[in-house]
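Chemist: Hey, dropping start39.cif in here, mmCIF, N, CA and C atoms:
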```cif
data_entry
#
loop_
_atom_site.label_atom_id
_atom_site.label_comp_id
_atom_site.auth_asym_id
_atom_site.auth_seq_id
_atom_site.Cartn_x
_atom_site.Cartn_y
_atom_site.Cartn_z
N SER A 1 27.97 87.14 -61.99
CA SER A 1 28.13 87.66 -60.62
C SER A 1 27.39 86.76 -59.63
N LEU A 2 27.58 85.43 -59.81
CA LEU A 2 26.92 84.48 -58.92
C LEU A 2 27.44 84.61 -57.50
N VAL A 3 28.76 84.80 -57.39
CA VAL A 3 29.38 84.92 -56.07
C VAL A 3 28.76 86.09 -55.31
N ARG A 4 28.60 87.22 -56.04
CA ARG A 4 28.05 88.43 -55.43
C ARG A 4 26.64 88.18 -54.90
N ALA A 5 25.86 87.46 -55.71
CA ALA A 5 24.46 87.21 -55.32
C ALA A 5 24.40 86.32 -54.07
N ALA A 6 25.38 85.39 -53.97
CA ALA A 6 25.38 84.45 -52.84
C ALA A 6 25.90 85.10 -51.57
N ASP A 7 26.62 86.21 -51.72
CA ASP A 7 27.19 86.90 -50.57
C ASP A 7 26.08 87.65 -49.83
N PRO A 8 25.79 87.24 -48.57
CA PRO A 8 24.69 87.87 -47.85
C PRO A 8 24.92 89.37 -47.60
N ALA A 9 26.17 89.80 -47.62
CA ALA A 9 26.48 91.21 -47.36
C ALA A 9 26.20 92.06 -48.61
N ALA A 10 26.13 91.40 -49.77
CA ALA A 10 25.91 92.14 -51.01
C ALA A 10 24.47 92.64 -51.06
N PRO A 11 24.28 93.84 -51.60
CA PRO A 11 22.91 94.34 -51.70
C PRO A 11 22.11 93.48 -52.68
N ASP A 12 20.83 93.41 -52.46
CA ASP A 12 19.96 92.67 -53.37
C ASP A 12 20.07 93.26 -54.77
N GLU A 13 19.97 92.38 -55.77
CA GLU A 13 19.98 92.85 -57.16
C GLU A 13 18.92 93.93 -57.33
N GLU A 14 17.75 93.68 -56.76
CA GLU A 14 16.63 94.59 -56.96
C GLU A 14 16.90 95.97 -56.36
N ASP A 15 17.59 95.97 -55.24
CA ASP A 15 17.90 97.25 -54.60
C ASP A 15 18.80 98.09 -55.50
N ALA A 16 19.60 97.41 -56.29
CA ALA A 16 20.55 98.11 -57.15
C ALA A 16 19.83 98.75 -58.33
N VAL A 17 18.64 98.27 -58.64
CA VAL A 17 17.90 98.80 -59.78
C VAL A 17 17.05 99.99 -59.35
N ASP A 18 17.14 101.06 -60.12
CA ASP A 18 16.32 102.24 -59.83
C ASP A 18 14.95 101.99 -60.44
N ASP A 19 13.91 101.96 -59.60
CA ASP A 19 12.61 101.60 -60.15
C ASP A 19 11.85 102.77 -60.77
N VAL A 20 12.38 103.99 -60.64
CA VAL A 20 11.77 105.11 -61.38
C VAL A 20 12.13 104.97 -62.84
N LEU A 21 13.43 104.81 -63.09
CA LEU A 21 13.90 104.68 -64.46
C LEU A 21 15.29 104.08 -64.40
N ASP A 22 15.46 102.93 -65.02
CA ASP A 22 16.74 102.26 -65.01
C ASP A 22 17.60 102.83 -66.13
N LEU A 23 18.47 103.77 -65.76
CA LEU A 23 19.27 104.45 -66.78
C LEU A 23 20.32 103.56 -67.43
N ARG A 24 20.44 102.33 -66.94
CA ARG A 24 21.44 101.44 -67.55
C ARG A 24 21.16 101.21 -69.02
N LEU A 25 19.88 101.17 -69.37
CA LEU A 25 19.54 100.98 -70.78
C LEU A 25 20.08 102.13 -71.63
N ILE A 26 19.85 103.34 -71.16
CA ILE A 26 20.30 104.52 -71.91
C ILE A 26 21.82 104.53 -71.98
N GLU A 27 22.47 104.19 -70.87
CA GLU A 27 23.93 104.13 -70.87
C GLU A 27 24.42 103.04 -71.82
N HIS A 28 23.67 101.95 -71.87
CA HIS A 28 24.00 100.84 -72.76
C HIS A 28 23.90 101.30 -74.22
N LEU A 29 22.83 102.01 -74.53
CA LEU A 29 22.67 102.54 -75.88
C LEU A 29 23.81 103.50 -76.23
N ARG A 30 24.19 104.30 -75.24
CA ARG A 30 25.30 105.23 -75.46
C ARG A 30 26.57 104.49 -75.83
N GLY A 31 26.72 103.30 -75.25
CA GLY A 31 27.91 102.51 -75.53
C GLY A 31 28.07 102.18 -77.01
N PHE A 32 26.95 102.13 -77.72
CA PHE A 32 26.99 101.82 -79.15
C PHE A 32 27.33 103.05 -79.99
N ARG A 33 27.17 104.22 -79.39
CA ARG A 33 27.38 105.45 -80.14
C ARG A 33 28.82 105.91 -80.03
N GLU A 34 29.21 106.80 -80.96
CA GLU A 34 30.52 107.44 -80.81
C GLU A 34 30.49 108.25 -79.52
N GLN A 35 31.62 108.34 -78.87
CA GLN A 35 31.69 109.14 -77.65
C GLN A 35 31.22 110.56 -77.94
N GLY A 36 30.36 111.05 -77.08
CA GLY A 36 29.92 112.44 -77.24
C GLY A 36 28.76 112.62 -78.20
N ASP A 37 28.36 111.56 -78.90
CA ASP A 37 27.22 111.69 -79.80
C ASP A 37 25.97 111.18 -79.11
N ASN A 38 25.27 112.08 -78.44
CA ASN A 38 24.07 111.68 -77.72
C ASN A 38 22.81 112.09 -78.47
N GLY A 39 22.98 112.62 -79.67
CA GLY A 39 21.84 113.11 -80.44
C GLY A 39 20.71 112.11 -80.55
N ILE A 40 21.05 110.90 -80.94
CA ILE A 40 20.02 109.88 -81.16
C ILE A 40 19.36 109.47 -79.85
N ILE A 41 20.14 109.44 -78.77
CA ILE A 41 19.59 109.07 -77.46
C ILE A 41 18.62 110.15 -76.99
N VAL A 42 19.03 111.42 -77.15
CA VAL A 42 18.19 112.54 -76.74
C VAL A 42 16.88 112.51 -77.53
N GLN A 43 16.99 112.16 -78.82
CA GLN A 43 15.79 112.04 -79.66
C GLN A 43 14.87 110.94 -79.12
N LEU A 44 15.49 109.83 -78.74
CA LEU A 44 14.75 108.70 -78.20
C LEU A 44 14.04 109.11 -76.90
N ILE A 45 14.77 109.85 -76.05
CA ILE A 45 14.21 110.33 -74.79
C ILE A 45 13.03 111.26 -75.05
N ASP A 46 13.20 112.19 -76.00
CA ASP A 46 12.13 113.13 -76.34
C ASP A 46 10.89 112.39 -76.82
N THR A 47 11.11 111.40 -77.68
CA THR A 47 9.99 110.62 -78.22
C THR A 47 9.28 109.88 -77.09
N PHE A 48 10.07 109.32 -76.19
CA PHE A 48 9.52 108.59 -75.04
C PHE A 48 8.67 109.52 -74.17
N LEU A 49 9.20 110.71 -73.88
CA LEU A 49 8.46 111.67 -73.05
C LEU A 49 7.17 112.11 -73.73
N GLN A 50 7.24 112.36 -75.04
CA GLN A 50 6.03 112.74 -75.78
C GLN A 50 5.01 111.60 -75.74
N ASP A 51 5.50 110.39 -75.95
CA ASP A 51 4.63 109.22 -75.98
C ASP A 51 3.93 109.01 -74.64
N ILE A 52 4.70 109.03 -73.55
CA ILE A 52 4.08 108.75 -72.26
C ILE A 52 3.09 109.85 -71.87
N ASN A 53 3.38 111.08 -72.24
CA ASN A 53 2.44 112.16 -71.93
C ASN A 53 1.18 112.07 -72.77
N ALA A 54 1.33 111.69 -74.04
CA ALA A 54 0.17 111.52 -74.92
C ALA A 54 -0.70 110.37 -74.39
N ARG A 55 -0.06 109.29 -73.98
CA ARG A 55 -0.80 108.13 -73.45
C ARG A 55 -1.56 108.51 -72.19
N ARG A 56 -0.91 109.30 -71.35
CA ARG A 56 -1.54 109.72 -70.10
C ARG A 56 -2.81 110.53 -70.42
N ASN A 57 -2.72 111.41 -71.41
CA ASN A 57 -3.88 112.22 -71.80
C ASN A 57 -4.97 111.35 -72.40
N SER A 58 -4.58 110.33 -73.15
CA SER A 58 -5.56 109.39 -73.72
C SER A 58 -6.28 108.62 -72.62
N ILE A 59 -5.53 108.23 -71.59
CA ILE A 59 -6.13 107.49 -70.48
C ILE A 59 -7.13 108.40 -69.76
N SER A 60 -6.75 109.66 -69.59
CA SER A 60 -7.63 110.63 -68.96
C SER A 60 -8.91 110.80 -69.78
N ALA A 61 -8.77 110.92 -71.10
CA ALA A 61 -9.93 111.07 -71.98
C ALA A 61 -10.82 109.83 -71.94
N ALA A 62 -10.17 108.65 -71.93
CA ALA A 62 -10.91 107.39 -71.89
C ALA A 62 -11.70 107.29 -70.58
N TYR A 63 -11.11 107.77 -69.51
CA TYR A 63 -11.80 107.82 -68.22
C TYR A 63 -13.05 108.69 -68.35
N GLY A 64 -12.86 109.84 -69.00
CA GLY A 64 -13.95 110.79 -69.16
C GLY A 64 -15.14 110.19 -69.88
N SER A 65 -14.87 109.30 -70.84
CA SER A 65 -15.97 108.69 -71.60
C SER A 65 -16.28 107.26 -71.12
N HIS A 66 -15.73 106.90 -69.96
CA HIS A 66 -15.95 105.57 -69.36
C HIS A 66 -15.67 104.45 -70.36
N ASP A 67 -14.62 104.63 -71.15
CA ASP A 67 -14.25 103.64 -72.16
C ASP A 67 -13.19 102.71 -71.58
N LEU A 68 -13.66 101.63 -70.94
CA LEU A 68 -12.76 100.69 -70.26
C LEU A 68 -11.75 100.08 -71.21
N GLU A 69 -12.21 99.72 -72.39
CA GLU A 69 -11.33 99.06 -73.36
C GLU A 69 -10.19 100.00 -73.78
N ARG A 70 -10.53 101.27 -73.95
CA ARG A 70 -9.49 102.23 -74.33
C ARG A 70 -8.51 102.47 -73.19
N VAL A 71 -9.02 102.51 -71.96
CA VAL A 71 -8.12 102.64 -70.81
C VAL A 71 -7.15 101.46 -70.82
N ARG A 72 -7.70 100.26 -71.03
CA ARG A 72 -6.85 99.06 -71.03
C ARG A 72 -5.81 99.12 -72.14
N ARG A 73 -6.24 99.50 -73.34
CA ARG A 73 -5.34 99.60 -74.51
C ARG A 73 -4.23 100.61 -74.28
N GLU A 74 -4.61 101.79 -73.82
CA GLU A 74 -3.61 102.86 -73.61
C GLU A 74 -2.65 102.49 -72.47
N ALA A 75 -3.19 101.89 -71.41
CA ALA A 75 -2.34 101.48 -70.29
C ALA A 75 -1.35 100.41 -70.77
N HIS A 76 -1.82 99.54 -71.66
CA HIS A 76 -0.98 98.47 -72.20
C HIS A 76 0.16 99.08 -73.04
N ALA A 77 -0.17 100.05 -73.87
CA ALA A 77 0.84 100.70 -74.71
C ALA A 77 1.85 101.46 -73.84
N LEU A 78 1.33 102.13 -72.82
CA LEU A 78 2.19 102.90 -71.92
C LEU A 78 3.11 101.95 -71.15
N LYS A 79 2.58 100.80 -70.76
CA LYS A 79 3.37 99.80 -70.05
C LYS A 79 4.52 99.31 -70.95
N GLY A 80 4.24 99.16 -72.25
CA GLY A 80 5.29 98.74 -73.18
C GLY A 80 6.43 99.74 -73.24
N SER A 81 6.10 101.02 -73.37
CA SER A 81 7.13 102.07 -73.40
C SER A 81 7.89 102.10 -72.09
N ALA A 82 7.15 102.02 -70.99
CA ALA A 82 7.77 102.06 -69.67
C ALA A 82 8.73 100.89 -69.50
N GLY A 83 8.28 99.71 -69.94
CA GLY A 83 9.11 98.52 -69.82
C GLY A 83 10.40 98.65 -70.62
N PHE A 84 10.29 99.19 -71.82
CA PHE A 84 11.47 99.35 -72.67
C PHE A 84 12.50 100.25 -72.01
N PHE A 85 12.02 101.29 -71.33
CA PHE A 85 12.93 102.24 -70.69
C PHE A 85 13.27 101.88 -69.25
N GLY A 86 12.77 100.74 -68.78
CA GLY A 86 13.10 100.33 -67.42
C GLY A 86 12.42 101.18 -66.37
N ALA A 87 11.25 101.75 -66.71
CA ALA A 87 10.49 102.52 -65.73
C ALA A 87 9.57 101.55 -64.99
N LEU A 88 10.13 100.89 -64.00
CA LEU A 88 9.43 99.78 -63.35
C LEU A 88 8.17 100.18 -62.61
N ARG A 89 8.25 101.29 -61.90
CA ARG A 89 7.06 101.70 -61.13
C ARG A 89 5.92 102.10 -62.06
N LEU A 90 6.25 102.83 -63.14
CA LEU A 90 5.22 103.22 -64.11
C LEU A 90 4.60 101.97 -64.72
N SER A 91 5.45 101.02 -65.03
CA SER A 91 5.01 99.75 -65.62
C SER A 91 4.01 99.07 -64.69
N LYS A 92 4.31 99.09 -63.39
CA LYS A 92 3.45 98.47 -62.39
C LYS A 92 2.10 99.19 -62.29
N VAL A 93 2.14 100.52 -62.30
CA VAL A 93 0.91 101.31 -62.24
C VAL A 93 0.03 100.96 -63.45
N CYS A 94 0.66 100.84 -64.62
CA CYS A 94 -0.08 100.51 -65.85
C CYS A 94 -0.68 99.11 -65.78
N ALA A 95 0.08 98.17 -65.24
CA ALA A 95 -0.39 96.79 -65.11
C ALA A 95 -1.63 96.74 -64.22
N GLU A 96 -1.60 97.50 -63.13
CA GLU A 96 -2.74 97.53 -62.21
C GLU A 96 -3.96 98.14 -62.89
N LEU A 97 -3.71 99.17 -63.70
CA LEU A 97 -4.80 99.83 -64.42
C LEU A 97 -5.41 98.89 -65.45
N MET A 98 -4.55 98.12 -66.12
CA MET A 98 -5.02 97.13 -67.11
C MET A 98 -5.89 96.07 -66.43
N ASP A 99 -5.42 95.58 -65.28
CA ASP A 99 -6.17 94.57 -64.54
C ASP A 99 -7.55 95.11 -64.15
N SER A 100 -7.56 96.34 -63.64
CA SER A 100 -8.82 96.96 -63.23
C SER A 100 -9.77 97.09 -64.40
N ALA A 101 -9.24 97.59 -65.54
CA ALA A 101 -10.08 97.80 -66.72
C ALA A 101 -10.63 96.47 -67.22
N THR A 102 -9.77 95.45 -67.19
CA THR A 102 -10.20 94.12 -67.63
C THR A 102 -11.30 93.59 -66.71
N GLY A 103 -11.15 93.87 -65.41
CA GLY A 103 -12.14 93.43 -64.44
C GLY A 103 -13.39 94.30 -64.43
N GLY A 104 -13.35 95.40 -65.20
CA GLY A 104 -14.51 96.27 -65.32
C GLY A 104 -14.71 97.20 -64.13
N GLU A 105 -13.68 97.34 -63.30
CA GLU A 105 -13.80 98.15 -62.08
C GLU A 105 -12.60 99.08 -61.96
N LEU A 106 -12.68 100.26 -62.59
CA LEU A 106 -11.54 101.17 -62.56
C LEU A 106 -11.42 101.90 -61.22
N PRO A 107 -10.18 102.15 -60.79
CA PRO A 107 -10.01 103.00 -59.61
C PRO A 107 -10.48 104.42 -59.96
N PRO A 108 -10.79 105.25 -58.97
CA PRO A 108 -11.24 106.62 -59.27
C PRO A 108 -10.22 107.34 -60.16
N ALA A 109 -10.73 108.13 -61.09
CA ALA A 109 -9.86 108.83 -62.05
C ALA A 109 -8.77 109.64 -61.37
N HIS A 110 -9.15 110.43 -60.36
CA HIS A 110 -8.16 111.31 -59.73
C HIS A 110 -7.03 110.50 -59.11
N GLN A 111 -7.37 109.33 -58.58
CA GLN A 111 -6.37 108.47 -57.94
C GLN A 111 -5.43 107.86 -59.01
N ALA A 112 -6.02 107.30 -60.06
CA ALA A 112 -5.22 106.67 -61.11
C ALA A 112 -4.34 107.69 -61.82
N LEU A 113 -4.90 108.85 -62.13
CA LEU A 113 -4.14 109.87 -62.85
C LEU A 113 -3.05 110.48 -61.97
N LYS A 114 -3.32 110.58 -60.68
CA LYS A 114 -2.29 111.11 -59.78
C LYS A 114 -1.11 110.15 -59.73
N GLN A 115 -1.40 108.86 -59.66
CA GLN A 115 -0.32 107.86 -59.66
C GLN A 115 0.50 107.96 -60.95
N LEU A 116 -0.20 108.06 -62.08
CA LEU A 116 0.50 108.20 -63.36
C LEU A 116 1.32 109.48 -63.38
N ASP A 117 0.70 110.58 -62.96
CA ASP A 117 1.39 111.87 -63.01
C ASP A 117 2.63 111.89 -62.12
N ASP A 118 2.52 111.27 -60.94
CA ASP A 118 3.67 111.21 -60.04
C ASP A 118 4.84 110.50 -60.72
N GLU A 119 4.53 109.39 -61.38
CA GLU A 119 5.58 108.63 -62.06
C GLU A 119 6.14 109.41 -63.25
N LEU A 120 5.26 110.02 -64.03
CA LEU A 120 5.71 110.77 -65.20
C LEU A 120 6.62 111.92 -64.78
N LEU A 121 6.28 112.55 -63.67
CA LEU A 121 7.10 113.65 -63.17
C LEU A 121 8.48 113.14 -62.75
N SER A 122 8.51 112.04 -62.01
CA SER A 122 9.79 111.47 -61.58
C SER A 122 10.65 111.09 -62.78
N ILE A 123 10.02 110.47 -63.77
CA ILE A 123 10.74 110.03 -64.97
C ILE A 123 11.27 111.24 -65.74
N THR A 124 10.41 112.24 -65.90
CA THR A 124 10.81 113.44 -66.65
C THR A 124 11.99 114.12 -65.96
N ARG A 125 11.91 114.27 -64.63
CA ARG A 125 13.01 114.89 -63.88
C ARG A 125 14.31 114.13 -64.07
N LYS A 126 14.19 112.82 -64.02
CA LYS A 126 15.38 111.99 -64.13
C LYS A 126 16.01 112.10 -65.52
N LEU A 127 15.16 112.12 -66.55
CA LEU A 127 15.68 112.23 -67.92
C LEU A 127 16.25 113.62 -68.17
N GLU A 128 15.60 114.64 -67.62
CA GLU A 128 16.12 116.01 -67.78
C GLU A 128 17.50 116.10 -67.13
N ALA A 129 17.63 115.49 -65.95
CA ALA A 129 18.91 115.50 -65.24
C ALA A 129 19.98 114.80 -66.08
N TRP A 130 19.61 113.67 -66.67
CA TRP A 130 20.55 112.92 -67.50
C TRP A 130 20.99 113.77 -68.69
N ARG A 131 20.01 114.47 -69.26
CA ARG A 131 20.29 115.30 -70.44
C ARG A 131 21.22 116.45 -70.11
N CYS A 132 21.09 116.99 -68.89
CA CYS A 132 21.98 118.08 -68.48
C CYS A 132 23.43 117.60 -68.40
N ILE A 133 23.60 116.38 -67.93
CA ILE A 133 24.95 115.83 -67.76
C ILE A 133 25.53 115.40 -69.11
N HIS A 134 24.65 114.97 -70.03
CA HIS A 134 25.12 114.49 -71.33
C HIS A 134 24.51 115.30 -72.46
N PRO A 135 24.99 116.53 -72.67
CA PRO A 135 24.39 117.31 -73.75
C PRO A 135 24.59 116.64 -75.10
N ALA A 136 23.64 116.81 -75.99
CA ALA A 136 23.72 116.17 -77.31
C ALA A 136 24.85 116.79 -78.11
#
```
Please express the file's structure as structure tokens.
Modeler:
Amino acid sequence: SLVRAADPAAPDEEDAVDDVLDLRLIEHLRGFREQGDNGIIVQLIDTFLQDINARRNSISAAYGSHDLERVRREAHALKGSAGFFGALRLSKVCAELMDSATGGELPPAHQALKQLDDELLSITRKLEAWRCIHPA
């Protein structure tokens, strides 16, 4: 789509990407499945939601014990999951948290956790909506 990119009237590639959660990946995975068989995708979504919520709680606990290394580790793992699912904003929040932890200067817990929670809520809503449209 080189022509499209060169066309000034065309929207930016980035604008076309949903930075809460890029559902193209999930739709792509669906393409490999038999029509109507969303069981495995729904399982993947459930695992992802459990994982990101567990990581968020670990980050909160690590904050509580001022364990910078654990904050960095958990943020790194969460960033990996987020990246796989195309959750760009969550990925960015995690990257910033990793940088802070590496630099030894964490943002206030309430601020960092609120940012994470806002993203997790947006992601969860989006996945729930997708699940309603594509029952397993």
Chemist: Any chance you could work out the residue set of the PyMOL selection byres ((chain A and resi 70-72) around 8) here, as a list in words?
Modeler: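 This file, filtered by the PyMOL selection byres ((chain A and resi 70-72) around 8), leaves Ser58, Ile59, Ser60, Ala61, Ala62, Tyr63, His66, Asp67, Leu68, Glu69, Arg73, Glu74, Ala75, His76, Ala77, Leu78, Leu97, Met98, Asp99, Ser100, Ala101 and Thr102 of chain A.
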Chemist: Atom C of A:Asn38 and atom CA of A:Arg125, how far apart in Å?
Modeler: 17.8 Å
Chemist: When you count only N, CA and C atoms, which of these residues is closest to A:Arg24: A:Phe85, A:Asp46, A:Asn57, A:Ile41?
Modeler: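 Of A:Phe85, A:Asp46, A:Asn57, A:Ile41, the one nearest A:Arg24 is A:Phe85, counting only N, CA and C atoms.
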Chemist: Select from chain A everything DSSP, run on the backbone, classes as alpha helix (DSSP H), then give the selection as JSON, numbers by chain.
Modeler: {"A": [2, 3, 4, 5, 6, 13, 14, 15, 16, 24, 25, 26, 27, 28, 29, 30, 31, 32, 39, 40, 41, 42, 43, 44, 45, 46, 47, 48, 49, 50, 51, 52, 53, 54, 55, 56, 57, 58, 59, 60, 61, 62, 63, 64, 68, 69, 70, 71, 72, 73, 74, 75, 76, 77, 78, 79, 80, 81, 82, 83, 84, 88, 89, 90, 91, 92, 93, 94, 95, 96, 97, 98, 99, 100, 101, 102, 103, 109, 110, 111, 112, 113, 114, 115, 116, 117, 118, 119, 120, 121, 122, 123, 124, 125, 126, 127, 128, 129, 130, 131, 132, 133]}
Chemist: Excluding same-chain residues fewer than 3 positions from A:Leu25, what lies within 8 Å of it counting only C-alpha atoms, as a compact mmCIF listing (two decimals) with N, CA and C atoms, keeping the file's coordinate frame?
Modeler:
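Dumped to selection24.txt:
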```
# COMPACT_ATOMS: atom_id res chain seq x y z
N ASP A 22 15.46 102.93 -65.02
CA ASP A 22 16.74 102.26 -65.01
C ASP A 22 17.60 102.83 -66.13
N HIS A 28 23.67 101.95 -71.87
CA HIS A 28 24.00 100.84 -72.76
C HIS A 28 23.90 101.30 -74.22
N LEU A 29 22.83 102.01 -74.53
CA LEU A 29 22.67 102.54 -75.88
C LEU A 29 23.81 103.50 -76.23
N PHE A 85 12.02 101.29 -71.33
CA PHE A 85 12.93 102.24 -70.69
C PHE A 85 13.27 101.88 -69.25
N GLY A 86 12.77 100.74 -68.78
CA GLY A 86 13.10 100.33 -67.42
C GLY A 86 12.42 101.18 -66.37
```
Chemist: Using only N, CA and C atoms, which residues sit within 6.5 Å of A:Lys79 once same-chain residues fewer than 6 positions away are excluded, as a list in words?
Modeler: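 Residues near the query, excluding close chain neighbours: Leu90, Ser91, Cys94 and Ala95 of chain A.
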Chemist: Taking 2 positions as the minimum chain separation for residues in the same chain, which residues sit within 8 Å of A:His134 when counting all atoms listed in the file? Answer as number ranges by chain.
Modeler: A: 36-39, 128-132, 136
Chemist: Could you give me, as a PyMOL selection string, the residues within 8 Å of A:Leu113, counting all atoms listed in the file and dropping anything in the same chain fewer than 5 positions from it?
Modeler: chain A and resi 56+59-60+107-108+118-119
Chemist: Taking the file as I've supplied it (selection: the PyMOL selection byres (((chain A and resi 21 and name CA) around 9) and name CA)), which residues are included? Please answer as a list in words.
Modeler: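 With the PyMOL selection byres (((chain A and resi 21 and name CA) around 9) and name CA) on this model, the match is Val17, Asp18, Asp19, Val20, Asp22, Leu23, Arg24, Ala82, Phe85, Gly86, Ala87, Leu88, Arg89, Leu90, Ser122, Ile123, Lys126 and Leu127 of chain A.
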Chemist: Using only C-alpha atoms, can you tell me which of A:Val42, A:Val93, A:Leu49, A:Ile133 comes closest to A:Ala112?
Modeler: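 Closest to A:Ala112 of all the choices is A:Val93.
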